[in-house]
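Trainee: Next comes the structure file coords_36.pdb, holding PDB, C-alpha atoms, pLDDT in the B column.
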```
ATOM      1  CA  MET S  78       0.000   0.000   0.000  1.00 50.00           C
ATOM      2  CA  CYS S  79       2.828   2.399   0.772  1.00 59.00           C
ATOM      3  CA  GLU S  80       4.252   1.939  -2.735  1.00 62.00           C
ATOM      4  CA  ASN S  81       0.898   2.861  -4.293  1.00 60.00           C
ATOM      5  CA  MET S  82       0.715   6.038  -2.215  1.00 59.00           C
ATOM      6  CA  LYS S  83       4.216   7.087  -3.298  1.00 64.00           C
ATOM      7  CA  GLU S  84       3.276   6.565  -6.945  1.00 61.00           C
ATOM      8  CA  SER S  85       0.085   8.603  -6.631  1.00 58.00           C
ATOM      9  CA  TYR S  86       1.937  11.454  -4.890  1.00 63.00           C
ATOM     10  CA  LYS S  87       4.396  11.549  -7.777  1.00 63.00           C
ATOM     11  CA  TYR S  88       1.573  12.449 -10.169  1.00 61.00           C
ATOM     12  CA  GLY S  89       0.364  15.272  -7.880  1.00 70.00           C
ATOM     13  CA  ILE S  90       3.696  17.109  -8.124  1.00 73.00           C
ATOM     14  CA  GLY S  91       2.956  17.960 -11.764  1.00 73.00           C
ATOM     15  CA  PHE S  92      -0.156  19.815 -10.647  1.00 75.00           C
ATOM     16  CA  TRP S  93       1.792  22.118  -8.339  1.00 78.00           C
ATOM     17  CA  ILE S  94       4.537  22.742 -10.895  1.00 80.00           C
ATOM     18  CA  GLY S  95       1.893  23.567 -13.520  1.00 78.00           C
ATOM     19  CA  ALA S  96       0.129  25.925 -11.127  1.00 80.00           C
ATOM     20  CA  LEU S  97       3.424  27.712 -10.406  1.00 84.00           C
ATOM     21  CA  VAL S  98       4.221  28.155 -14.102  1.00 85.00           C
ATOM     22  CA  TYR S  99       0.664  29.287 -14.883  1.00 83.00           C
ATOM     23  CA  SER S 100       0.645  31.827 -12.053  1.00 85.00           C
ATOM     24  CA  SER S 101       4.081  33.169 -12.935  1.00 88.00           C
ATOM     25  CA  ILE S 102       3.287  33.718 -16.611  1.00 86.00           C
ATOM     26  CA  ASN S 103      -0.108  35.234 -15.795  1.00 85.00           C
ATOM     27  CA  MET S 104       1.503  37.592 -13.275  1.00 87.00           C
ATOM     28  CA  VAL S 105       4.115  38.727 -15.825  1.00 89.00           C
ATOM     29  CA  MET S 106       1.452  39.284 -18.481  1.00 87.00           C
ATOM     30  CA  ASN S 107      -0.609  41.392 -16.078  1.00 86.00           C
ATOM     31  CA  TYR S 108       2.483  43.296 -14.942  1.00 89.00           C
ATOM     32  CA  THR S 109       3.434  44.208 -18.514  1.00 90.00           C
ATOM     33  CA  ASN S 110      -0.136  45.381 -19.225  1.00 89.00           C
ATOM     34  CA  ALA S 111      -0.752  42.838 -21.967  1.00 85.00           C
ATOM     35  CA  ALA S 112      -4.016  43.096 -23.867  1.00 88.00           C
ATOM     36  CA  GLN S 113      -6.970  41.427 -22.148  1.00 87.00           C
ATOM     37  CA  GLY S 114      -7.668  39.280 -25.212  1.00 88.00           C
ATOM     38  CA  LYS S 115      -4.117  37.944 -25.132  1.00 87.00           C
ATOM     39  CA  ILE S 116      -4.403  37.043 -21.449  1.00 85.00           C
ATOM     40  CA  LEU S 117      -7.757  35.317 -22.028  1.00 86.00           C
ATOM     41  CA  MET S 118      -6.378  33.339 -24.984  1.00 88.00           C
ATOM     42  CA  TYR S 119      -3.483  32.194 -22.816  1.00 86.00           C
ATOM     43  CA  ASN S 120      -5.904  31.197 -20.051  1.00 85.00           C
ATOM     44  CA  TYR S 121      -8.022  29.134 -22.484  1.00 88.00           C
ATOM     45  CA  LEU S 122      -4.920  27.416 -23.824  1.00 86.00           C
ATOM     46  CA  ILE S 123      -3.672  26.517 -20.346  1.00 84.00           C
ATOM     47  CA  MET S 124      -7.130  25.282 -19.351  1.00 85.00           C
ATOM     48  CA  GLY S 125      -7.176  22.925 -22.336  1.00 87.00           C
ATOM     49  CA  VAL S 126      -3.740  21.577 -21.493  1.00 84.00           C
ATOM     50  CA  ALA S 127      -4.773  21.119 -17.857  1.00 81.00           C
ATOM     51  CA  VAL S 128      -7.862  19.124 -18.853  1.00 86.00           C
ATOM     52  CA  ILE S 129      -5.766  16.857 -21.083  1.00 88.00           C
ATOM     53  CA  GLY S 130      -3.219  16.401 -18.292  1.00 81.00           C
ATOM     54  CA  PHE S 131      -5.964  15.620 -15.795  1.00 82.00           C
ATOM     55  CA  THR S 132      -7.450  12.908 -17.984  1.00 86.00           C
ATOM     56  CA  LEU S 133      -4.017  11.395 -18.576  1.00 85.00           C
ATOM     57  CA  ASN S 134      -3.406  11.335 -14.819  1.00 80.00           C
ATOM     58  CA  LEU S 135      -6.722   9.565 -14.282  1.00 83.00           C
ATOM     59  CA  ILE S 136      -5.780   6.953 -16.878  1.00 87.00           C
ATOM     60  CA  LEU S 137      -2.365   6.431 -15.266  1.00 82.00           C
ATOM     61  CA  LEU S 138      -3.850   6.099 -11.786  1.00 79.00           C
ATOM     62  CA  LYS S 139      -6.388   3.532 -13.020  1.00 82.00           C
ATOM     63  CA  ARG S 140      -3.577   1.504 -14.568  1.00 81.00           C
ATOM     64  CA  LEU S 141      -1.575   1.808 -11.355  1.00 76.00           C
ATOM     65  CA  LYS S 142      -4.407   0.336  -9.291  1.00 74.00           C
ATOM     66  CA  LYS S 143      -4.597  -2.791 -11.508  1.00 69.00           C
TER      67      LYS S 143
END
```
Would you give me this structure, written as structure tokens?

Mentor:
Amino acid sequence: MCENMKESYKYGIGFWIGALVYSSINMVMNYTNAAQGKILMYNYLIMGVAVIGFTLNLILLKRLKK
């Protein structure tokens, strides 16, 4: 059981790294007064990548449990 928990924690690290990168880029774009449309397009792009990453993590965790 301990091995399974270590494996599942490894997948959670990607979430925090992604959140850090997303927040940093969004902060820089707001700081440089980027156009609102550009910021929104970036947010939509990141949201799409996050959804794909989330589904891949679910698939990997299901395979891990087998």

Trainee: Tell me which residues the PyMOL selection byres ((chain S and resi 118-125) around 12) grabs here, as a ChimeraX atom specification.

Mentor: /S:95-96,98-100,102-104,106-107,111-117,126-132

Trainee: Find the distance between atom CA of S:Trp93 and atom CA of S:Leu133 and write it in Å to one decimal.

Mentor: 15.9 Å

Trainee: With 4 Å of padding per side, what axis-aligned box (centre and edge lengths, Å, one decimal) covers all the listed atoms of stretch 102-117 of chain S? Give it as lines of an AutoDock Vina configuration file.

Mentor:
```
center_x = -1.8
center_y = 39.5
center_z = -19.2
size_x = 19.9
size_y = 19.7
size_z = 19.9
```

Trainee: Take atom CA of S:Leu137 and atom CA of S:Ser101 and report the distance between them in Å, one decimal.

Mentor: 27.6 Å
